[in-house]
Amino acid sequence: MRIGIDARLFGPRTAGGGLGRYIQQLVTHLQQIDSENEYVLFLRKSNWDEFAEGPRFKKIMADYQWYSLEEQIKMPQKIKEAKVDLMHFPHFNVPLMVKEPFVVTIHDLILLEHPTTRATTLGPLKYKLKHAGYKRVIGHALKKSKAIIVPSNYIKESILKYFPKADPEKIKVIYEGLSRLSTEEQANPEKDKEFLQKHNIRQPFLLYVGNSYPHKNLEALARTFKAVLGAKPDVQLVLVGQKNYFSERLQNDVSQLGLRIPEQVNFTGYIEDADLAKLYRTARLYVFPSLSEGFGLPPLEAMSHDLPVASSNASCLPEVLGPAAIYFDPRDENEMARVIFEGLDNNALRQTLIQAGRQQTQKYSWQKMAKEILDIYNRAAR
């Protein structure tokens with residue numbers, strides 16, 4: 001069988017962030033476990049060199065912007081020319097004119113759960129059109145797909161809530177995986193210290209890793225952190241993620257709160273995996289205030305480095321993180337502050353979380369995910 005994968009968001013450096021890592025890990029593990037099928041990856045110029053062809057794995061240039069008219073018009077023709085038997089779209093943006101059989105991964109329904117013009121650089125009218133287009137595209141993907149892959153039971157329930165005509169039998173919950181950061185070096189206190197100094201990071205610090213989109217609720221975290229500083233003026237907040245329009249807007253919000261950048265709130269920008277491991281190792285507490293997630297990989301990465309996690313209790317997070325985190329209502333900043341204080345000061349609780357985190361992270365495997373998705377490919381082909 002010849003399987004196509006829309007890999008235009010391949011790699012953690014892309015705008016896809018966690019989605020880029022999902023595609024990268026899926027392909028990496030399919031290369032390890034599948035000795036029968038052939039694969040074609042559709043890539044963009046920006047990530048063309050991030051994937052090296054190998055036996056049964058080829059790549060095709062498809063340099064079309066995500067969610068664009070060009071994607072809708074040209075991607076179906078590119079797929080047709082590749083003569084695939086089955087396509088996997090690891091995101092909801094399936095072109096409406098694709099004729100080949102396909103499976104789709106729906107990671108979240110954030111645009112439906114948290115519609116807001118703050119989540120876009122478009123004006124209100126264009127955003128309204130985009131929102132309508134989103135519903136149509138995702139509705140088409142749900143209806144026409146051979147199978148729908150979701151990363152949590154929460155997302156399966158959300159799909160059935162917003163799209164009650166969707167076939168629940170087609171929706172397959174496949175948890176994502178977790179691996180040690182790919183280029184991670186052994187812990188070295190001196191190198192860790194040098195890295196922190198280079199980036200103006202001081203201990204103790206709270207850590208957040210991810211993007212700055214509105215549903216991540218980082219404005220609330222900043223306000224809560226200001227309250228934390230009242231009792232703990234030596235603590236720093238470190239925010240790791242790509243610099244873009246949303247991170248710049250957040251920086252403005254932080255400045256308006258009277259918080260000093262980078263002395264009190266440090267925006268590091270993108271951090272390579274090996275250096276990200278240094279942050280997980282040296283932080284005091286990982287804080288995840290998100291209003292909505294499909295899976296929630298960063299707090300699991302934190303747990304894998306023995307970093308206690310304080311997390312929002314929204315969406316899938318209790319399902320994925322289980323008893324290995326302490327939780328707060330992300331809309332209650334007083335409760336968020338209380339839980340952060342507890343995570344910083346309660347040493348007995350911290351040790352319990354570290355032990356629970358070691359157990360919780362054992363539940364997730366990229367190889368297991370790839371095997372389950374390969375099984376879906378084979379079932380869809382039959």
# chains A, B, ... in the order shown; residues from 1 in each chain; ligands from 1
call {"tool": "select_by_dssp", "arguments": {"residues": "range 71-269 of chain A", "states": "strand (DSSP E)", "output": "tab-separated table (two decimals) with N, CA and C atoms, in the first residue's frame"}}
result
chain	number	residue	atom	x	y	z
A	86	LEU	N	-3.96	5.71	0.20
A	86	LEU	CA	-4.58	6.23	1.40
A	86	LEU	C	-3.80	7.45	1.85
A	87	MET	N	-4.52	8.49	2.29
A	87	MET	CA	-3.89	9.69	2.85
A	87	MET	C	-4.15	9.77	4.35
A	88	HIS	N	-3.16	10.29	5.05
A	88	HIS	CA	-3.36	10.65	6.46
A	88	HIS	C	-3.15	12.15	6.60
A	89	PHE	N	-4.20	12.83	6.99
A	89	PHE	CA	-4.12	14.25	7.31
A	89	PHE	C	-4.02	14.36	8.84
A	102	PHE	N	-9.06	8.65	2.96
A	102	PHE	CA	-8.16	9.27	3.93
A	102	PHE	C	-8.62	9.01	5.36
A	103	VAL	N	-7.65	9.13	6.27
A	103	VAL	CA	-7.93	9.18	7.70
A	103	VAL	C	-7.46	10.55	8.18
A	104	VAL	N	-8.03	11.02	9.27
A	104	VAL	CA	-7.71	12.35	9.76
A	104	VAL	C	-7.49	12.31	11.28
A	105	THR	N	-6.55	13.11	11.75
A	105	THR	CA	-6.38	13.30	13.19
A	105	THR	C	-6.95	14.66	13.57
A	147	ALA	N	-11.46	6.96	8.97
A	147	ALA	CA	-11.31	6.87	10.43
A	147	ALA	C	-10.90	8.24	10.95
A	148	ILE	N	-11.27	8.50	12.20
A	148	ILE	CA	-10.96	9.77	12.86
A	148	ILE	C	-10.12	9.45	14.09
A	149	ILE	N	-8.89	9.93	14.12
A	149	ILE	CA	-7.99	9.69	15.25
A	149	ILE	C	-8.04	10.90	16.17
A	150	VAL	N	-8.21	10.66	17.47
A	150	VAL	CA	-8.19	11.75	18.45
A	150	VAL	C	-7.23	11.37	19.58
A	171	ILE	N	-14.45	7.09	15.40
A	171	ILE	CA	-13.53	7.88	16.22
A	171	ILE	C	-12.70	6.96	17.11
A	172	LYS	N	-11.39	7.00	16.92
A	172	LYS	CA	-10.48	6.12	17.65
A	172	LYS	C	-9.57	6.96	18.55
A	173	VAL	N	-9.62	6.69	19.84
A	173	VAL	CA	-8.76	7.40	20.79
A	173	VAL	C	-7.39	6.74	20.81
A	205	PHE	N	12.51	29.30	39.64
A	205	PHE	CA	11.64	29.85	38.61
A	205	PHE	C	10.51	28.89	38.26
A	206	LEU	N	9.38	29.51	37.89
A	206	LEU	CA	8.25	28.76	37.34
A	206	LEU	C	8.46	28.65	35.84
A	207	LEU	N	8.07	27.52	35.26
A	207	LEU	CA	8.31	27.29	33.84
A	207	LEU	C	7.00	26.99	33.11
A	208	TYR	N	6.87	27.60	31.92
A	208	TYR	CA	5.81	27.26	30.98
A	208	TYR	C	6.45	27.06	29.62
A	209	VAL	N	6.07	26.00	28.92
A	209	VAL	CA	6.57	25.72	27.56
A	209	VAL	C	5.37	25.57	26.63
A	236	GLN	N	11.03	33.81	39.61
A	236	GLN	CA	10.94	34.29	38.23
A	236	GLN	C	9.99	33.40	37.45
A	237	LEU	N	9.32	33.97	36.44
A	237	LEU	CA	8.47	33.21	35.53
A	237	LEU	C	9.16	33.13	34.18
A	238	VAL	N	9.39	31.92	33.68
A	238	VAL	CA	10.07	31.71	32.40
A	238	VAL	C	9.08	31.13	31.41
A	239	LEU	N	8.87	31.84	30.29
A	239	LEU	CA	7.93	31.43	29.25
A	239	LEU	C	8.71	31.06	27.99
A	240	VAL	N	8.63	29.80	27.59
A	240	VAL	CA	9.37	29.29	26.44
A	240	VAL	C	8.42	29.07	25.27
A	265	VAL	N	9.66	38.36	34.41
A	265	VAL	CA	9.05	37.46	33.43
A	265	VAL	C	9.99	37.38	32.23
A	266	ASN	N	10.50	36.20	31.96
A	266	ASN	CA	11.53	36.00	30.94
A	266	ASN	C	10.95	35.27	29.74
A	267	PHE	N	10.86	35.96	28.60
A	267	PHE	CA	10.43	35.34	27.34
A	267	PHE	C	11.67	34.85	26.60
A	268	THR	N	11.89	33.55	26.56
A	268	THR	CA	13.15	33.02	26.01
A	268	THR	C	13.11	32.86	24.50
A	269	GLY	N	11.92	32.79	23.89
A	269	GLY	CA	11.82	32.38	22.50
A	269	GLY	C	11.97	30.87	22.38
call {"tool": "select_by_dssp", "arguments": {"residues": "range 8-251 of chain A", "states": "helix (DSSP H, G or I)", "output": "PyMOL selection string"}}
result
chain A and resi 18-33+45-50+69-82+110-113+117-119+124-144+153-162+168-170+189-198+214-216+218-231+245-251
call {"tool": "write_last_selection", "arguments": {"atoms": "C-alpha atoms", "output": "tab-separated table (two decimals), in the first residue's frame"}}
result
chain	number	residue	atom	x	y	z
A	18	GLY	CA	3.22	20.16	19.24
A	19	LEU	CA	1.52	19.07	16.02
A	20	GLY	CA	4.91	19.22	14.28
A	21	ARG	CA	6.41	16.94	16.91
A	22	TYR	CA	3.43	14.57	16.56
A	23	ILE	CA	4.03	14.19	12.80
A	24	GLN	CA	7.78	13.83	13.27
A	25	GLN	CA	7.43	11.10	15.90
A	26	LEU	CA	4.76	9.26	13.91
A	27	VAL	CA	6.96	9.12	10.81
A	28	THR	CA	10.07	8.18	12.81
A	29	HIS	CA	8.35	5.21	14.42
A	30	LEU	CA	6.57	4.10	11.25
A	31	GLN	CA	10.04	3.83	9.71
A	32	GLN	CA	10.99	1.49	12.54
A	33	ILE	CA	7.94	-0.77	12.61
A	45	LYS	CA	10.32	24.42	1.61
A	46	SER	CA	10.65	25.47	5.23
A	47	ASN	CA	10.91	21.88	6.51
A	48	TRP	CA	12.07	20.06	3.37
A	49	ASP	CA	15.54	19.40	4.79
A	50	GLU	CA	14.27	18.21	8.16
A	69	LEU	CA	-7.23	28.77	-0.96
A	70	GLU	CA	-4.07	27.46	-2.62
A	71	GLU	CA	-4.12	24.50	-0.25
A	72	GLN	CA	-7.72	23.75	-1.19
A	73	ILE	CA	-7.04	23.96	-4.94
A	74	LYS	CA	-3.51	22.59	-5.46
A	75	MET	CA	-3.09	20.01	-2.71
A	76	PRO	CA	-5.70	17.59	-4.16
A	77	GLN	CA	-3.91	17.60	-7.52
A	78	LYS	CA	-0.54	17.02	-5.86
A	79	ILE	CA	-2.01	14.06	-3.95
A	80	LYS	CA	-3.55	12.66	-7.14
A	81	GLU	CA	-0.20	12.85	-8.94
A	82	ALA	CA	1.47	10.93	-6.10
A	110	ILE	CA	-10.39	25.09	20.21
A	111	LEU	CA	-11.91	27.36	17.56
A	112	LEU	CA	-15.34	26.06	18.53
A	113	GLU	CA	-14.77	25.84	22.28
A	117	THR	CA	-11.03	37.47	17.64
A	118	ARG	CA	-8.01	37.62	19.97
A	119	ALA	CA	-6.97	34.26	18.49
A	124	PRO	CA	-13.91	40.61	12.80
A	125	LEU	CA	-15.53	39.98	9.38
A	126	LYS	CA	-12.65	37.91	8.02
A	127	TYR	CA	-12.49	36.01	11.29
A	128	LYS	CA	-16.20	35.21	11.02
A	129	LEU	CA	-15.65	33.87	7.49
A	130	LYS	CA	-12.65	31.87	8.70
A	131	HIS	CA	-14.71	30.40	11.53
A	132	ALA	CA	-17.45	29.35	9.09
A	133	GLY	CA	-14.83	27.83	6.79
A	134	TYR	CA	-13.32	25.96	9.72
A	135	LYS	CA	-16.66	24.36	10.59
A	136	ARG	CA	-17.22	23.33	6.99
A	137	VAL	CA	-13.75	21.85	6.53
A	138	ILE	CA	-13.82	19.92	9.79
A	139	GLY	CA	-17.38	18.72	9.13
A	140	HIS	CA	-16.27	17.43	5.72
A	141	ALA	CA	-13.26	15.68	7.26
A	142	LEU	CA	-15.44	13.95	9.85
A	143	LYS	CA	-18.00	12.83	7.27
A	144	LYS	CA	-15.70	11.61	4.49
A	153	ASN	CA	-11.50	10.75	25.21
A	154	TYR	CA	-12.22	14.41	25.92
A	155	ILE	CA	-11.78	15.27	22.22
A	156	LYS	CA	-13.97	12.35	21.16
A	157	GLU	CA	-16.74	13.67	23.42
A	158	SER	CA	-16.23	17.21	22.10
A	159	ILE	CA	-16.58	16.07	18.49
A	160	LEU	CA	-19.84	14.32	19.28
A	161	LYS	CA	-21.04	17.43	21.12
A	162	TYR	CA	-20.33	19.90	18.31
A	168	PRO	CA	-18.78	7.52	16.98
A	169	GLU	CA	-17.62	4.16	15.61
A	170	LYS	CA	-15.13	5.94	13.36
A	189	PRO	CA	25.16	21.28	36.96
A	190	GLU	CA	27.89	23.58	35.66
A	191	LYS	CA	26.53	23.63	32.10
A	192	ASP	CA	23.00	24.07	33.43
A	193	LYS	CA	24.17	27.07	35.49
A	194	GLU	CA	25.96	28.60	32.48
A	195	PHE	CA	22.85	28.20	30.33
A	196	LEU	CA	20.63	29.88	32.92
A	197	GLN	CA	23.04	32.78	33.27
A	198	LYS	CA	23.29	33.20	29.49
A	214	PRO	CA	-5.32	33.08	23.94
A	215	HIS	CA	-6.63	29.68	25.04
A	216	LYS	CA	-3.30	29.04	26.78
A	218	LEU	CA	-1.10	33.16	29.91
A	219	GLU	CA	-2.53	36.59	30.69
A	220	ALA	CA	-4.19	35.03	33.74
A	221	LEU	CA	-0.91	33.32	34.64
A	222	ALA	CA	0.89	36.68	34.46
A	223	ARG	CA	-1.67	38.32	36.76
A	224	THR	CA	-1.42	35.38	39.16
A	225	PHE	CA	2.37	35.56	39.07
A	226	LYS	CA	2.24	39.21	40.08
A	227	ALA	CA	0.30	38.13	43.17
A	228	VAL	CA	2.85	35.37	43.84
A	229	LEU	CA	5.66	37.95	43.72
A	230	GLY	CA	4.05	39.79	46.61
A	231	ALA	CA	4.99	36.90	48.90
A	245	TYR	CA	2.39	38.22	17.12
A	246	PHE	CA	0.78	36.50	20.12
A	247	SER	CA	3.94	36.39	22.24
A	248	GLU	CA	4.58	40.09	21.48
A	249	ARG	CA	1.04	40.95	22.54
A	250	LEU	CA	1.53	38.96	25.74
A	251	GLN	CA	4.75	40.86	26.45
call {"tool": "residues_around", "arguments": {"residues": "Val40 in chain A", "least_positions_apart": "5", "cutoff": "7 Å", "atoms": "only C-alpha atoms", "output": "list of chain:residue names"}}
result
A:Ile3, A:Gly4, A:Ile5, A:Phe57, A:Lys58, A:Lys59, A:Ile60
call {"tool": "closest_residue", "arguments": {"among": "A:Pro101, A:Gly210, A:Gly177, A:Pro164", "to": "Lys146 in chain A", "atoms": "only C-alpha atoms"}}
result
A:Pro101
call {"tool": "atom_distance", "arguments": {"atom1": "CA of Ser365 in chain A", "atom2": "CA of Gly54 in chain A"}}
result
23.2 Å
call {"tool": "atom_distance", "arguments": {"atom1": "CA of Leu109 in chain A", "atom2": "CA of Asn93 in chain A"}}
result
12.2 Å
call {"tool": "residues_around", "arguments": {"residues": "range 315-329 of chain A", "least_positions_apart": "2", "cutoff": "10 Å", "atoms": "only C-alpha atoms", "output": "PDB file with C-alpha atoms, in the first residue's frame"}}
result
ATOM      1  CA  ASP A 108      -8.676  19.744  19.345  1.00  0.00           C
ATOM      2  CA  PRO A 151      -5.601  12.077  21.267  1.00  0.00           C
ATOM      3  CA  SER A 152      -8.010  11.810  24.210  1.00  0.00           C
ATOM      4  CA  ASN A 153     -11.502  10.754  25.205  1.00  0.00           C
ATOM      5  CA  TYR A 154     -12.221  14.410  25.917  1.00  0.00           C
ATOM      6  CA  ILE A 155     -11.776  15.266  22.220  1.00  0.00           C
ATOM      7  CA  SER A 158     -16.234  17.206  22.103  1.00  0.00           C
ATOM      8  CA  TYR A 175      -2.885   8.690  23.074  1.00  0.00           C
ATOM      9  CA  GLU A 176       0.240  10.489  21.950  1.00  0.00           C
ATOM     10  CA  TYR A 286       5.927  23.649  35.820  1.00  0.00           C
ATOM     11  CA  VAL A 287       2.677  25.630  35.435  1.00  0.00           C
ATOM     12  CA  PHE A 288       0.103  24.855  32.722  1.00  0.00           C
ATOM     13  CA  PRO A 289      -2.899  27.226  32.911  1.00  0.00           C
ATOM     14  CA  SER A 290      -4.544  26.256  29.602  1.00  0.00           C
ATOM     15  CA  LEU A 291      -8.294  26.536  29.061  1.00  0.00           C
ATOM     16  CA  SER A 292      -8.345  23.756  26.473  1.00  0.00           C
ATOM     17  CA  GLU A 293      -6.004  21.016  25.240  1.00  0.00           C
ATOM     18  CA  GLY A 294      -6.293  17.938  23.090  1.00  0.00           C
ATOM     19  CA  PHE A 295      -3.528  16.065  24.905  1.00  0.00           C
ATOM     20  CA  GLY A 296      -0.979  18.219  26.765  1.00  0.00           C
ATOM     21  CA  LEU A 297       2.553  17.049  25.995  1.00  0.00           C
ATOM     22  CA  PRO A 299       3.579  18.877  31.323  1.00  0.00           C
ATOM     23  CA  LEU A 300       4.337  15.216  30.618  1.00  0.00           C
ATOM     24  CA  MET A 303       7.207  15.054  34.676  1.00  0.00           C
ATOM     25  CA  PRO A 308       6.402  18.809  39.684  1.00  0.00           C
ATOM     26  CA  VAL A 309       3.415  20.067  37.671  1.00  0.00           C
ATOM     27  CA  ALA A 310       0.615  22.459  38.597  1.00  0.00           C
ATOM     28  CA  SER A 311      -2.052  22.221  35.910  1.00  0.00           C
ATOM     29  CA  SER A 312      -5.397  23.565  34.868  1.00  0.00           C
ATOM     30  CA  ASN A 313      -8.233  21.103  35.504  1.00  0.00           C
ATOM     31  CA  ARG A 331     -10.511  30.886  35.601  1.00  0.00           C
ATOM     32  CA  ASP A 332      -9.924  31.291  39.335  1.00  0.00           C
ATOM     33  CA  GLU A 333      -6.680  33.221  39.782  1.00  0.00           C
ATOM     34  CA  ASN A 334      -6.812  33.012  43.571  1.00  0.00           C
ATOM     35  CA  GLU A 335      -6.969  29.231  43.361  1.00  0.00           C
ATOM     36  CA  MET A 336      -4.181  29.218  40.765  1.00  0.00           C
ATOM     37  CA  ALA A 337      -1.983  31.228  43.133  1.00  0.00           C
ATOM     38  CA  ARG A 338      -2.783  28.931  46.062  1.00  0.00           C
ATOM     39  CA  VAL A 339      -1.830  25.822  44.075  1.00  0.00           C
ATOM     40  CA  ILE A 340       1.376  27.457  42.838  1.00  0.00           C
ATOM     41  CA  GLU A 342       1.683  24.711  47.408  1.00  0.00           C
ATOM     42  CA  GLY A 343       3.784  23.389  44.530  1.00  0.00           C
ATOM     43  CA  LEU A 349       3.782  16.982  48.091  1.00  0.00           C
ATOM     44  CA  ARG A 350       6.577  17.682  45.616  1.00  0.00           C
ATOM     45  CA  THR A 352       4.754  12.588  45.856  1.00  0.00           C
ATOM     46  CA  LEU A 353       4.259  14.354  42.520  1.00  0.00           C
ATOM     47  CA  ILE A 354       7.724  13.362  41.317  1.00  0.00           C
ATOM     48  CA  GLN A 355       7.063   9.690  42.070  1.00  0.00           C
ATOM     49  CA  ALA A 356       3.593   9.804  40.519  1.00  0.00           C
ATOM     50  CA  GLY A 357       4.998  11.568  37.446  1.00  0.00           C
ATOM     51  CA  ARG A 358       7.512   8.773  36.862  1.00  0.00           C
ATOM     52  CA  GLN A 359       4.655   6.274  36.818  1.00  0.00           C
ATOM     53  CA  GLN A 360       2.279   8.408  34.731  1.00  0.00           C
ATOM     54  CA  THR A 361       4.781   9.039  31.942  1.00  0.00           C
ATOM     55  CA  LYS A 363       1.763   5.093  30.033  1.00  0.00           C
ATOM     56  CA  TYR A 364       2.655   7.005  26.870  1.00  0.00           C
TER      57      TYR A 364
END
call {"tool": "closest_residue", "arguments": {"among": "A:His91, A:Arg56, A:Arg284, A:Arg202", "to": "Ala7 in chain A", "atoms": "only C-alpha atoms"}}
result
A:His91
call {"tool": "closest_residue", "arguments": {"among": "A:Tyr213, A:Pro95, A:Met369, A:Lys83", "to": "Ser68 in chain A", "atoms": "only C-alpha atoms"}}
result
A:Pro95
